[in-house]
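Chemist: my_file-v9.cif (mmCIF, C-alpha atoms) pasted underneath:
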```
data_input
#
loop_
_atom_site.group_PDB
_atom_site.id
_atom_site.type_symbol
_atom_site.label_atom_id
_atom_site.label_comp_id
_atom_site.auth_asym_id
_atom_site.auth_seq_id
_atom_site.Cartn_x
_atom_site.Cartn_y
_atom_site.Cartn_z
ATOM 1 C CA MET J 4 0.000 0.000 0.000
ATOM 2 C CA LYS J 5 1.546 3.285 -1.103
ATOM 3 C CA THR J 6 1.579 6.161 1.406
ATOM 4 C CA ILE J 7 0.495 9.474 -0.135
ATOM 5 C CA THR J 8 1.480 12.847 1.333
ATOM 6 C CA ALA J 9 0.591 15.126 -1.596
ATOM 7 C CA ASP J 10 -1.858 15.288 -4.477
ATOM 8 C CA ILE J 11 -0.857 15.587 -8.143
ATOM 9 C CA ILE J 12 -3.534 17.431 -10.100
ATOM 10 C CA HIS J 13 -3.228 18.470 -13.736
ATOM 11 C CA GLU J 14 -3.648 22.214 -14.144
ATOM 12 C CA THR J 15 -5.437 22.088 -17.487
ATOM 13 C CA ASP J 16 -8.360 19.820 -16.680
ATOM 14 C CA ARG J 17 -8.120 19.321 -12.859
ATOM 15 C CA GLN J 18 -7.925 15.555 -13.216
ATOM 16 C CA GLU J 19 -5.851 13.933 -10.486
ATOM 17 C CA GLU J 20 -2.791 11.967 -11.531
ATOM 18 C CA LEU J 21 -2.866 8.485 -10.021
ATOM 19 C CA PRO J 22 0.660 7.051 -9.573
ATOM 20 C CA GLY J 23 0.717 3.289 -10.096
ATOM 21 C CA TYR J 24 -2.592 3.240 -11.982
ATOM 22 C CA SER J 25 -2.333 1.389 -15.304
ATOM 23 C CA GLU J 26 -4.566 0.058 -18.054
ATOM 24 C CA ASP J 27 -3.515 -3.551 -17.495
ATOM 25 C CA PHE J 28 -4.472 -3.337 -13.794
ATOM 26 C CA PRO J 29 -6.643 -0.216 -13.264
ATOM 27 C CA CYS J 30 -6.700 -0.275 -9.470
ATOM 28 C CA ILE J 31 -4.462 1.222 -6.801
ATOM 29 C CA ILE J 32 -4.456 0.977 -3.002
ATOM 30 C CA SER J 33 -3.102 3.919 -1.043
ATOM 31 C CA ARG J 34 -2.856 5.426 2.427
ATOM 32 C CA ALA J 35 -3.290 9.196 2.464
ATOM 33 C CA GLU J 36 -1.778 11.090 5.413
ATOM 34 C CA LEU J 37 -3.632 14.346 4.929
ATOM 35 C CA ASP J 38 -1.921 16.289 7.720
ATOM 36 C CA ARG J 39 1.286 16.066 5.690
ATOM 37 C CA TYR J 40 -0.222 17.506 2.516
ATOM 38 C CA PRO J 41 1.448 20.844 1.661
ATOM 39 C CA LYS J 42 -1.848 22.719 1.263
ATOM 40 C CA GLY J 43 -3.487 20.979 4.211
ATOM 41 C CA HIS J 44 -6.263 19.706 1.943
ATOM 42 C CA VAL J 45 -6.915 18.266 -1.520
ATOM 43 C CA PRO J 46 -8.314 21.016 -3.794
ATOM 44 C CA TRP J 47 -11.188 20.598 -6.247
ATOM 45 C CA HIS J 48 -10.491 17.846 -8.773
ATOM 46 C CA TRP J 49 -11.979 14.745 -10.355
ATOM 47 C CA HIS J 50 -10.975 11.443 -11.949
ATOM 48 C CA GLN J 51 -12.692 8.824 -14.057
ATOM 49 C CA PRO J 52 -12.014 5.906 -11.670
ATOM 50 C CA VAL J 53 -14.278 5.609 -8.628
ATOM 51 C CA GLU J 54 -12.848 6.348 -5.166
ATOM 52 C CA LEU J 55 -13.726 3.854 -2.431
ATOM 53 C CA PHE J 56 -12.399 4.945 0.959
ATOM 54 C CA TYR J 57 -12.244 4.249 4.675
ATOM 55 C CA ILE J 58 -11.304 6.792 7.376
ATOM 56 C CA ASP J 59 -8.731 5.134 9.617
ATOM 57 C CA SER J 60 -8.265 8.101 11.980
ATOM 58 C CA GLY J 61 -9.296 11.727 12.352
ATOM 59 C CA GLU J 62 -12.201 13.185 10.414
ATOM 60 C CA LEU J 63 -12.429 14.181 6.766
ATOM 61 C CA GLU J 64 -14.768 16.618 5.036
ATOM 62 C CA TYR J 65 -15.814 15.756 1.491
ATOM 63 C CA HIS J 66 -17.115 18.679 -0.555
ATOM 64 C CA THR J 67 -18.987 18.105 -3.835
ATOM 65 C CA PRO J 68 -21.240 20.440 -5.858
ATOM 66 C CA GLU J 69 -24.123 19.003 -3.831
ATOM 67 C CA GLY J 70 -22.709 20.064 -0.475
ATOM 68 C CA MET J 71 -20.424 18.810 2.297
ATOM 69 C CA ALA J 72 -20.380 15.565 4.245
ATOM 70 C CA CYS J 73 -18.213 14.706 7.272
ATOM 71 C CA PHE J 74 -16.604 11.292 7.570
ATOM 72 C CA PRO J 75 -15.322 10.462 11.078
ATOM 73 C CA ALA J 76 -12.954 7.604 11.879
ATOM 74 C CA GLY J 77 -14.649 4.269 11.270
ATOM 75 C CA SER J 78 -16.820 5.512 8.408
ATOM 76 C CA GLY J 79 -16.291 5.317 4.671
ATOM 77 C CA GLY J 80 -17.808 6.029 1.300
ATOM 78 C CA ILE J 81 -17.510 5.965 -2.457
ATOM 79 C CA VAL J 82 -17.145 8.841 -4.928
ATOM 80 C CA ASN J 83 -18.638 8.173 -8.341
ATOM 81 C CA SER J 84 -16.747 8.392 -11.615
ATOM 82 C CA GLY J 85 -16.113 11.938 -12.839
ATOM 83 C CA VAL J 86 -17.537 13.674 -9.756
ATOM 84 C CA ILE J 87 -15.795 16.922 -8.823
ATOM 85 C CA HIS J 88 -14.784 16.937 -5.152
ATOM 86 C CA MET J 89 -12.488 18.471 -2.545
ATOM 87 C CA THR J 90 -11.385 17.035 0.801
ATOM 88 C CA ARG J 91 -10.271 18.775 3.982
ATOM 89 C CA PRO J 92 -9.284 17.167 7.316
ATOM 90 C CA HIS J 93 -11.013 18.474 10.441
ATOM 91 C CA PRO J 94 -8.375 20.532 12.294
ATOM 92 C CA GLU J 95 -9.557 19.490 15.763
ATOM 93 C CA LYS J 96 -9.885 15.723 15.226
ATOM 94 C CA GLY J 97 -6.205 14.765 15.249
ATOM 95 C CA LYS J 98 -4.184 13.121 12.507
ATOM 96 C CA THR J 99 -6.395 12.194 9.558
ATOM 97 C CA VAL J 100 -5.485 9.011 7.687
ATOM 98 C CA GLN J 101 -7.581 7.807 4.766
ATOM 99 C CA LEU J 102 -7.317 4.385 3.119
ATOM 100 C CA LEU J 103 -8.332 4.288 -0.541
ATOM 101 C CA HIS J 104 -9.090 1.998 -3.439
ATOM 102 C CA ILE J 105 -9.168 3.979 -6.675
ATOM 103 C CA PHE J 106 -10.246 1.818 -9.589
ATOM 104 C CA ASP J 107 -12.032 1.676 -12.914
ATOM 105 C CA PRO J 108 -15.436 0.164 -12.020
ATOM 106 C CA PHE J 109 -15.352 -1.819 -15.272
ATOM 107 C CA PHE J 110 -12.386 -3.635 -13.713
ATOM 108 C CA LEU J 111 -15.122 -5.699 -11.981
ATOM 109 C CA ALA J 112 -16.907 -6.606 -15.234
ATOM 110 C CA ASP J 113 -16.189 -8.828 -18.196
ATOM 111 C CA SER J 114 -16.036 -5.856 -20.594
ATOM 112 C CA ARG J 115 -17.302 -2.295 -20.872
ATOM 113 C CA ASP J 116 -20.358 -3.347 -22.889
ATOM 114 C CA GLY J 117 -21.007 -6.888 -21.670
ATOM 115 C CA ARG J 118 -23.775 -8.239 -19.447
ATOM 116 C CA MET J 119 -21.753 -7.787 -16.234
ATOM 117 C CA ALA J 120 -21.171 -4.120 -17.039
ATOM 118 C CA ARG J 121 -24.813 -3.481 -17.925
ATOM 119 C CA GLN J 122 -26.239 -5.342 -14.945
ATOM 120 C CA TYR J 123 -23.802 -4.429 -12.181
ATOM 121 C CA VAL J 124 -21.522 -1.498 -13.091
ATOM 122 C CA MET J 125 -23.737 0.917 -15.013
ATOM 123 C CA PRO J 126 -26.539 1.065 -12.386
ATOM 124 C CA PHE J 127 -24.159 2.852 -10.010
ATOM 125 C CA VAL J 128 -22.099 4.831 -12.537
ATOM 126 C CA ASN J 129 -25.257 6.179 -14.191
ATOM 127 C CA SER J 130 -27.251 6.590 -10.959
ATOM 128 C CA GLY J 131 -26.453 10.288 -10.635
ATOM 129 C CA VAL J 132 -25.160 9.683 -7.103
ATOM 130 C CA GLY J 133 -22.088 11.832 -6.500
ATOM 131 C CA ILE J 134 -20.899 10.438 -3.186
ATOM 132 C CA LEU J 135 -22.384 7.658 -1.063
ATOM 133 C CA ALA J 136 -21.562 7.430 2.650
ATOM 134 C CA PHE J 137 -21.213 4.297 4.785
ATOM 135 C CA GLU J 138 -21.943 5.141 8.428
ATOM 136 C CA SER J 139 -20.790 3.250 11.471
ATOM 137 C CA GLY J 140 -23.838 2.208 13.496
ATOM 138 C CA ASN J 141 -26.036 1.815 10.419
ATOM 139 C CA ALA J 142 -26.879 -1.884 10.172
ATOM 140 C CA ALA J 143 -27.066 -1.796 6.374
ATOM 141 C CA HIS J 144 -23.607 -0.225 6.191
ATOM 142 C CA GLU J 145 -21.740 -2.200 8.849
ATOM 143 C CA GLU J 146 -21.086 -5.177 6.575
ATOM 144 C CA ILE J 147 -19.686 -2.891 3.873
ATOM 145 C CA LEU J 148 -17.410 -1.187 6.409
ATOM 146 C CA ALA J 149 -16.176 -4.540 7.733
ATOM 147 C CA GLN J 150 -15.384 -5.761 4.217
ATOM 148 C CA LEU J 151 -13.780 -2.421 3.384
ATOM 149 C CA ARG J 152 -11.505 -2.513 6.451
ATOM 150 C CA SER J 153 -10.355 -6.047 5.668
ATOM 151 C CA SER J 154 -9.717 -5.190 2.001
ATOM 152 C CA PHE J 155 -6.772 -3.014 3.010
ATOM 153 C CA LEU J 156 -5.049 -6.008 4.588
ATOM 154 C CA ILE J 157 -4.504 -7.497 1.131
ATOM 155 C CA HIS J 158 -0.844 -7.079 0.185
ATOM 156 C CA GLU J 159 0.458 -6.726 -3.353
ATOM 157 C CA ASP J 160 3.162 -9.327 -2.807
ATOM 158 C CA GLN J 161 0.797 -12.078 -1.670
ATOM 159 C CA LYS J 162 -0.183 -14.943 -3.941
ATOM 160 C CA ASN J 163 -3.154 -14.300 -6.258
ATOM 161 C CA PHE J 164 -3.243 -10.636 -5.211
ATOM 162 C CA GLU J 165 -5.090 -9.360 -8.300
ATOM 163 C CA MET J 166 -7.863 -11.971 -8.233
ATOM 164 C CA THR J 167 -8.244 -11.711 -4.451
ATOM 165 C CA LEU J 168 -8.593 -7.930 -4.572
ATOM 166 C CA ARG J 169 -11.054 -8.056 -7.452
ATOM 167 C CA ALA J 170 -13.184 -10.613 -5.587
ATOM 168 C CA VAL J 171 -13.267 -8.477 -2.427
ATOM 169 C CA LEU J 172 -14.112 -5.290 -4.349
ATOM 170 C CA SER J 173 -16.843 -7.156 -6.232
ATOM 171 C CA ALA J 174 -18.420 -8.284 -2.944
ATOM 172 C CA ILE J 175 -18.361 -4.711 -1.629
ATOM 173 C CA TRP J 176 -19.792 -3.434 -4.915
ATOM 174 C CA LEU J 177 -22.781 -5.802 -4.658
ATOM 175 C CA LYS J 178 -23.523 -4.488 -1.165
ATOM 176 C CA ILE J 179 -23.326 -0.922 -2.481
ATOM 177 C CA LEU J 180 -25.900 -1.741 -5.147
ATOM 178 C CA GLU J 181 -28.213 -3.059 -2.422
ATOM 179 C CA ILE J 182 -28.286 0.283 -0.584
ATOM 180 C CA LEU J 183 -28.221 2.462 -3.724
ATOM 181 C CA PRO J 184 -32.023 2.996 -4.123
ATOM 182 C CA ALA J 185 -32.266 4.597 -0.667
ATOM 183 C CA VAL J 186 -30.095 7.545 -1.725
ATOM 184 C CA GLU J 187 -31.423 8.288 -5.212
ATOM 185 C CA GLU J 188 -32.976 11.563 -4.030
ATOM 186 C CA ASN J 189 -29.433 12.900 -3.431
ATOM 187 C CA ALA J 190 -28.450 12.527 -7.097
ATOM 188 C CA CYS J 191 -25.857 15.002 -8.344
ATOM 189 C CA ASP J 192 -26.783 17.272 -11.239
ATOM 190 C CA ALA J 193 -24.358 16.171 -13.966
ATOM 191 C CA GLN J 194 -24.901 19.330 -16.007
ATOM 192 C CA ILE J 195 -23.959 21.594 -13.106
ATOM 193 C CA SER J 196 -20.908 19.466 -12.393
ATOM 194 C CA GLU J 197 -19.793 19.710 -16.012
ATOM 195 C CA ARG J 198 -20.174 23.511 -16.016
ATOM 196 C CA LEU J 199 -18.100 23.787 -12.861
ATOM 197 C CA LYS J 200 -15.406 21.535 -14.311
ATOM 198 C CA ARG J 201 -15.155 23.763 -17.374
ATOM 199 C CA MET J 202 -14.952 26.949 -15.316
ATOM 200 C CA LEU J 203 -12.368 25.586 -12.891
ATOM 201 C CA SER J 204 -10.287 24.267 -15.784
ATOM 202 C CA TYR J 205 -10.304 27.748 -17.319
ATOM 203 C CA ILE J 206 -9.205 29.380 -14.049
ATOM 204 C CA HIS J 207 -6.400 26.887 -13.532
ATOM 205 C CA ALA J 208 -5.166 27.318 -17.087
ATOM 206 C CA HIS J 209 -5.186 31.150 -16.922
ATOM 207 C CA TYR J 210 -4.427 31.948 -13.267
ATOM 208 C CA ALA J 211 -1.257 33.855 -14.252
ATOM 209 C CA GLU J 212 -3.280 36.224 -16.453
ATOM 210 C CA ALA J 213 -5.909 38.871 -15.771
ATOM 211 C CA ILE J 214 -9.132 36.840 -15.579
ATOM 212 C CA LYS J 215 -12.543 38.298 -16.352
ATOM 213 C CA ILE J 216 -15.580 36.603 -14.862
ATOM 214 C CA GLU J 217 -17.317 36.859 -18.217
ATOM 215 C CA ASP J 218 -14.577 34.644 -19.667
ATOM 216 C CA VAL J 219 -14.933 32.151 -16.805
ATOM 217 C CA ALA J 220 -18.688 32.035 -17.443
ATOM 218 C CA ALA J 221 -18.157 31.595 -21.177
ATOM 219 C CA ALA J 222 -15.853 28.627 -20.492
ATOM 220 C CA GLY J 223 -18.714 27.033 -18.563
ATOM 221 C CA LEU J 224 -21.204 27.820 -21.352
ATOM 222 C CA THR J 225 -23.263 29.893 -18.944
ATOM 223 C CA SER J 226 -24.000 33.517 -17.997
ATOM 224 C CA GLU J 227 -22.054 35.663 -15.518
ATOM 225 C CA ARG J 228 -25.041 35.674 -13.184
ATOM 226 C CA ASP J 229 -25.238 31.882 -13.263
ATOM 227 C CA CYS J 230 -21.465 31.671 -12.771
ATOM 228 C CA TYR J 231 -21.699 33.674 -9.542
ATOM 229 C CA ARG J 232 -24.660 31.572 -8.399
ATOM 230 C CA LEU J 233 -22.946 28.242 -9.089
ATOM 231 C CA PHE J 234 -19.777 29.224 -7.252
ATOM 232 C CA ARG J 235 -21.759 30.559 -4.287
ATOM 233 C CA ASP J 236 -24.180 27.629 -4.038
ATOM 234 C CA ARG J 237 -21.862 24.769 -5.001
ATOM 235 C CA LEU J 238 -18.344 25.818 -3.960
ATOM 236 C CA GLN J 239 -19.326 28.184 -1.122
ATOM 237 C CA CYS J 240 -17.213 31.058 -2.431
ATOM 238 C CA SER J 241 -17.274 33.715 -5.139
ATOM 239 C CA PRO J 242 -15.389 33.278 -8.443
ATOM 240 C CA HIS J 243 -13.022 36.071 -7.340
ATOM 241 C CA ALA J 244 -12.274 34.315 -4.034
ATOM 242 C CA TYR J 245 -11.634 31.028 -5.823
ATOM 243 C CA ILE J 246 -9.260 32.693 -8.297
ATOM 244 C CA THR J 247 -7.329 34.362 -5.473
ATOM 245 C CA GLY J 248 -7.216 31.108 -3.508
ATOM 246 C CA HIS J 249 -5.803 29.187 -6.439
ATOM 247 C CA ARG J 250 -3.183 31.849 -7.135
ATOM 248 C CA LEU J 251 -2.076 31.611 -3.512
ATOM 249 C CA GLN J 252 -1.901 27.808 -3.801
ATOM 250 C CA LYS J 253 0.307 28.141 -6.871
ATOM 251 C CA ALA J 254 2.490 30.643 -5.005
ATOM 252 C CA CYS J 255 2.880 28.120 -2.163
ATOM 253 C CA GLU J 256 3.950 25.472 -4.632
ATOM 254 C CA MET J 257 6.560 27.794 -6.164
ATOM 255 C CA LEU J 258 7.843 28.794 -2.725
ATOM 256 C CA ARG J 259 8.341 25.128 -1.867
ATOM 257 C CA LYS J 260 9.795 23.920 -5.142
ATOM 258 C CA THR J 261 11.862 26.851 -6.464
ATOM 259 C CA ASP J 262 14.388 29.439 -5.311
ATOM 260 C CA GLU J 263 12.645 32.161 -7.271
ATOM 261 C CA PRO J 264 12.449 35.509 -5.413
ATOM 262 C CA VAL J 265 9.220 36.146 -3.521
ATOM 263 C CA THR J 266 8.519 39.294 -5.551
ATOM 264 C CA SER J 267 8.817 37.369 -8.828
ATOM 265 C CA ILE J 268 6.525 34.617 -7.545
ATOM 266 C CA GLY J 269 3.866 37.167 -6.625
ATOM 267 C CA LEU J 270 4.004 38.752 -10.059
ATOM 268 C CA SER J 271 3.971 35.396 -11.876
ATOM 269 C CA CYS J 272 0.806 34.487 -9.961
ATOM 270 C CA SER J 273 -0.833 37.729 -11.116
ATOM 271 C CA PHE J 274 -0.621 39.687 -7.879
ATOM 272 C CA GLY J 275 -0.119 43.335 -8.776
ATOM 273 C CA SER J 276 2.487 44.161 -6.123
ATOM 274 C CA SER J 277 4.638 42.416 -3.529
ATOM 275 C CA SER J 278 2.799 44.197 -0.690
ATOM 276 C CA HIS J 279 -0.587 43.047 -2.032
ATOM 277 C CA PHE J 280 0.735 39.516 -2.412
ATOM 278 C CA SER J 281 2.211 39.445 1.106
ATOM 279 C CA ARG J 282 -0.958 40.844 2.676
ATOM 280 C CA LEU J 283 -3.250 38.271 1.023
ATOM 281 C CA PHE J 284 -0.783 35.478 1.774
ATOM 282 C CA ALA J 285 -0.618 36.395 5.472
ATOM 283 C CA GLU J 286 -4.414 36.587 5.679
ATOM 284 C CA ARG J 287 -4.727 33.079 4.238
ATOM 285 C CA TYR J 288 -1.765 31.273 5.837
ATOM 286 C CA GLY J 289 -0.916 33.332 8.927
ATOM 287 C CA CYS J 290 2.664 34.039 7.844
ATOM 288 C CA THR J 291 4.583 35.904 5.170
ATOM 289 C CA PRO J 292 5.710 34.154 1.963
ATOM 290 C CA ARG J 293 9.322 34.199 3.210
ATOM 291 C CA GLN J 294 8.303 32.664 6.528
ATOM 292 C CA TYR J 295 6.289 30.000 4.701
ATOM 293 C CA ARG J 296 9.304 29.058 2.567
ATOM 294 C CA SER J 297 11.569 28.902 5.615
ATOM 295 C CA ASN J 298 9.087 26.821 7.633
ATOM 296 C CA TRP J 299 8.585 24.402 4.758
ATOM 297 C CA GLN J 300 12.312 23.947 4.208
ATOM 298 C CA ASP J 301 12.782 23.221 7.930
ATOM 299 C CA CYS J 302 9.954 20.647 7.895
ATOM 300 C CA ASP J 303 11.362 19.043 4.757
ATOM 301 C CA LYS J 304 14.790 18.681 6.386
ATOM 302 C CA ASN J 305 13.246 17.064 9.470
ATOM 303 C CA ARG J 306 11.294 14.555 7.334
ATOM 304 C CA ARG J 307 14.506 13.503 5.588
ATOM 305 C CA LYS J 308 16.370 12.806 8.845
#
```
Any chance you could put this one into structure tokens?
Modeler:
Amino acid sequence: MKTITADIIHETDRQEELPGYSEDFPCIISRAELDRYPKGHVPWHWHQPVELFYIDSGELEYHTPEGMACFPAGSGGIVNSGVIHMTRPHPEKGKTVQLLHIFDPFFLADSRDGRMARQYVMPFVNSGVGILAFESGNAAHEEILAQLRSSFLIHEDQKNFEMTLRAVLSAIWLKILEILPAVEENACDAQISERLKRMLSYIHAHYAEAIKIEDVAAAGLTSERDCYRLFRDRLQCSPHAYITGHRLQKACEMLRKTDEPVTSIGLSCSFGSSSHFSRLFAERYGCTPRQYRSNWQDCDKNRRK
């Protein structure tokens, strides 16, 4: 099981890169230590594989266009294919560790258009459900959680690993299908999700430039008014706040990974002046850009010891 301490998200389309994921075996098992992530959270992104997870410790917030759900230790869930989401550990619940299976759901079927796919895979993928929670204490979910916990004990070096893992995931999948009808009323609006994906992709591709909200709206094939409404209702922030937040995230990345002067980083992230950049940075992260770089370098040295 690979331990993950940072996300890798493509800037152009916000799809997450999945190290170890391959076409000949489209399934990876990982252990995410979210308190060690540089940004302290995983920003908005999506991926075509489904994300089946269990919270081993702490508490994790999952945000989707439909709202936010909290997952305490001992709970779990599944994120559907292509669903835009963001995760953030609860700051007062201790170290948050998440165990994940990320896999192509058709990995469980005979083919993408065969009977197994039509009868067992497509009902969930096409259900409109964005994220489905498994709650500890819910009798219908306890069996899924027990199977999910045990699935992470399967090691890649053991005999028949691939077939064993597929069999366990198939058993969990069948249980998920059994509880699926009870959550149909929470179906995610695919059209809204697609508009948001387009708008976020535009922002992430043009963050270094002067961005007009009318251009963001046009990227999402919608009006400016609808753009403001979607960001407010679905992402709980304004387009301007999201743009600023992403620019600050990019500045953090450059402070960690380069020796470029702070002033140059601010300008390359489209902040008009070094004082404006430093003020916004301190408001968001509680320190100056120089202090952030120094703190990160010290932490990085300690991790390497």
Chemist: Out of J:Ser241, J:Tyr210, J:Asp229, J:Met202, which residue has the shortest atom-to-atom distance to Ser273 of chain J when counting all atoms listed in the file?
Modeler: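 Ranked by minimum distance to Ser273 of chain J, first place goes to J:Tyr210.
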Chemist: Anything within 12 Å of (-20.8, 18.2, 2.7): list those residues as JSON, numbers by chain, counting only C-alpha atoms and sticking to the file's coordinates.
Modeler: {"J": [63, 64, 65, 66, 67, 68, 69, 70, 71, 72, 73, 74, 88, 89, 90, 91, 133, 134, 135, 136, 189, 237, 238, 239]}
Chemist: Counting all atoms listed in the file, which residues come within 8 Å of (-12.4, 10.1, -13.2), with the point read in the file's coordinates, and could you list them as a PyMOL selection string?
Modeler: chain J and resi 18+49-53+84-86
Chemist: Around segment 87-105 of chain J, with edges along x, y and z and 6 Å added on all six sides, what centre and edge lengths do you get, in Å to one decimal, as AutoDock Vina command-line options?
Modeler:
```
--center_x -10.0 --center_y 11.3 --center_z 3.5 --size_x 23.6 --size_y 30.5 --size_z 36.6
```
Chemist: From the options J:Cys230, J:Cys255, J:Ala220, J:Leu111, which residue's atoms come nearest to Glu165 of chain J, counting all atoms listed in the file?
Modeler: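 Counting all atoms listed in the file, the residue closest to Glu165 of chain J is J:Leu111.
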Chemist: Select, from J:His243, J:Ser297, J:Phe106, J:Gln122, the residue with the minimum atom-to-atom distance to Leu180 of chain J, counting all atoms listed in the file.
Modeler: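 Between J:His243, J:Ser297, J:Phe106, J:Gln122, the residue approaching Leu180 of chain J most closely is J:Gln122.
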Chemist: Convert the output of the PyMOL selection byres ((chain J and resi 181) around 12) on the shown file into explicit residues, formatted as a list in words.
Modeler: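 What the PyMOL selection byres ((chain J and resi 181) around 12) grabs from the file is Tyr123, Pro126, Phe127, Ala143, His144, Glu146, Ile147, Ala174, Ile175, Trp176, Leu177, Lys178, Ile179, Leu180, Ile182, Leu183, Pro184, Ala185 and Val186 of chain J.
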Chemist: Taking into account all atoms listed in the file, which residue in the set J:His209, J:His93, J:Lys98, J:Lys260 is nearest to Ile246 of chain J?
Modeler: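 So, comparing all the options, the nearest one is J:His209.
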Chemist: Going by the chain IDs and residue numbers used in this file, which residues fall under the PyMOL selection byres ((chain J and resi 75) around 8)? Write them as a PyMOL selection string.
Modeler: chain J and resi 58+60-63+73-74+76-78
Chemist: So, counting all atoms listed in the file, which residue among J:Glu256, J:Leu199, J:Glu159, J:Cys272 is closest to His48 of chain J?
Modeler: J:Leu199
Chemist: Quick one: distance from atom CA of Asn163 of chain J to atom CA of Pro108 of chain J in Å, one decimal?
Modeler: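 Distance reported for this atom pair: 19.8 Å.
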Chemist: If I take atom CA of Tyr40 of chain J and atom CA of Gly289 of chain J, how far is one from the other in Å, to one decimal?
Modeler: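 Atom-to-atom, atom CA of Tyr40 of chain J to atom CA of Gly289 of chain J, that is 17.1 Å.
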Chemist: Using all atoms listed in the file, which protein or nucleic acid residues come within 10 Å of Ala285 of chain J? Drop anything in the same chain fewer than 5 positions from it, and give the result as number ranges by chain.
Modeler: J: 280, 290-292, 294-295
Chemist: Just write the chosen residues, C-alpha atoms, as an mmCIF file, in the frame of the given file.
Modeler:
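And here's result_26.cif as it stands now:
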```
data_model
loop_
_atom_site.group_PDB
_atom_site.id
_atom_site.type_symbol
_atom_site.label_atom_id
_atom_site.label_comp_id
_atom_site.auth_asym_id
_atom_site.auth_seq_id
_atom_site.Cartn_x
_atom_site.Cartn_y
_atom_site.Cartn_z
ATOM 1 C CA PHE J 280 0.735 39.516 -2.412
ATOM 2 C CA CYS J 290 2.664 34.039 7.844
ATOM 3 C CA THR J 291 4.583 35.904 5.170
ATOM 4 C CA PRO J 292 5.710 34.154 1.963
ATOM 5 C CA GLN J 294 8.303 32.664 6.528
ATOM 6 C CA TYR J 295 6.289 30.000 4.701
#
```
Chemist: Take segment 194-205 of chain J, bring it up to N, CA and C atoms, and give me the output as a compact mmCIF listing (two decimals), in the coordinates of the input.
Modeler:
```txt
# COMPACT_ATOMS: atom_id res chain seq x y z
N GLN J 194 -25.11 18.13 -15.19
CA GLN J 194 -24.90 19.33 -16.01
C GLN J 194 -24.19 20.42 -15.21
N ILE J 195 -24.61 20.61 -13.96
CA ILE J 195 -23.96 21.59 -13.11
C ILE J 195 -22.50 21.21 -12.87
N SER J 196 -22.27 19.94 -12.62
CA SER J 196 -20.91 19.47 -12.39
C SER J 196 -20.03 19.73 -13.61
N GLU J 197 -20.57 19.49 -14.79
CA GLU J 197 -19.79 19.71 -16.01
C GLU J 197 -19.48 21.19 -16.20
N ARG J 198 -20.43 22.08 -15.91
CA ARG J 198 -20.17 23.51 -16.02
C ARG J 198 -19.07 23.94 -15.06
N LEU J 199 -19.13 23.44 -13.83
CA LEU J 199 -18.10 23.79 -12.86
C LEU J 199 -16.73 23.27 -13.30
N LYS J 200 -16.68 22.07 -13.82
CA LYS J 200 -15.41 21.54 -14.31
C LYS J 200 -14.80 22.44 -15.38
N ARG J 201 -15.63 22.90 -16.30
CA ARG J 201 -15.16 23.76 -17.37
C ARG J 201 -14.63 25.09 -16.82
N MET J 202 -15.36 25.65 -15.87
CA MET J 202 -14.95 26.95 -15.32
C MET J 202 -13.68 26.83 -14.48
N LEU J 203 -13.58 25.77 -13.68
CA LEU J 203 -12.37 25.59 -12.89
C LEU J 203 -11.17 25.31 -13.79
N SER J 204 -11.37 24.54 -14.84
CA SER J 204 -10.29 24.27 -15.78
C SER J 204 -9.78 25.57 -16.41
N TYR J 205 -10.71 26.46 -16.73
CA TYR J 205 -10.30 27.75 -17.32
C TYR J 205 -9.47 28.55 -16.32
```
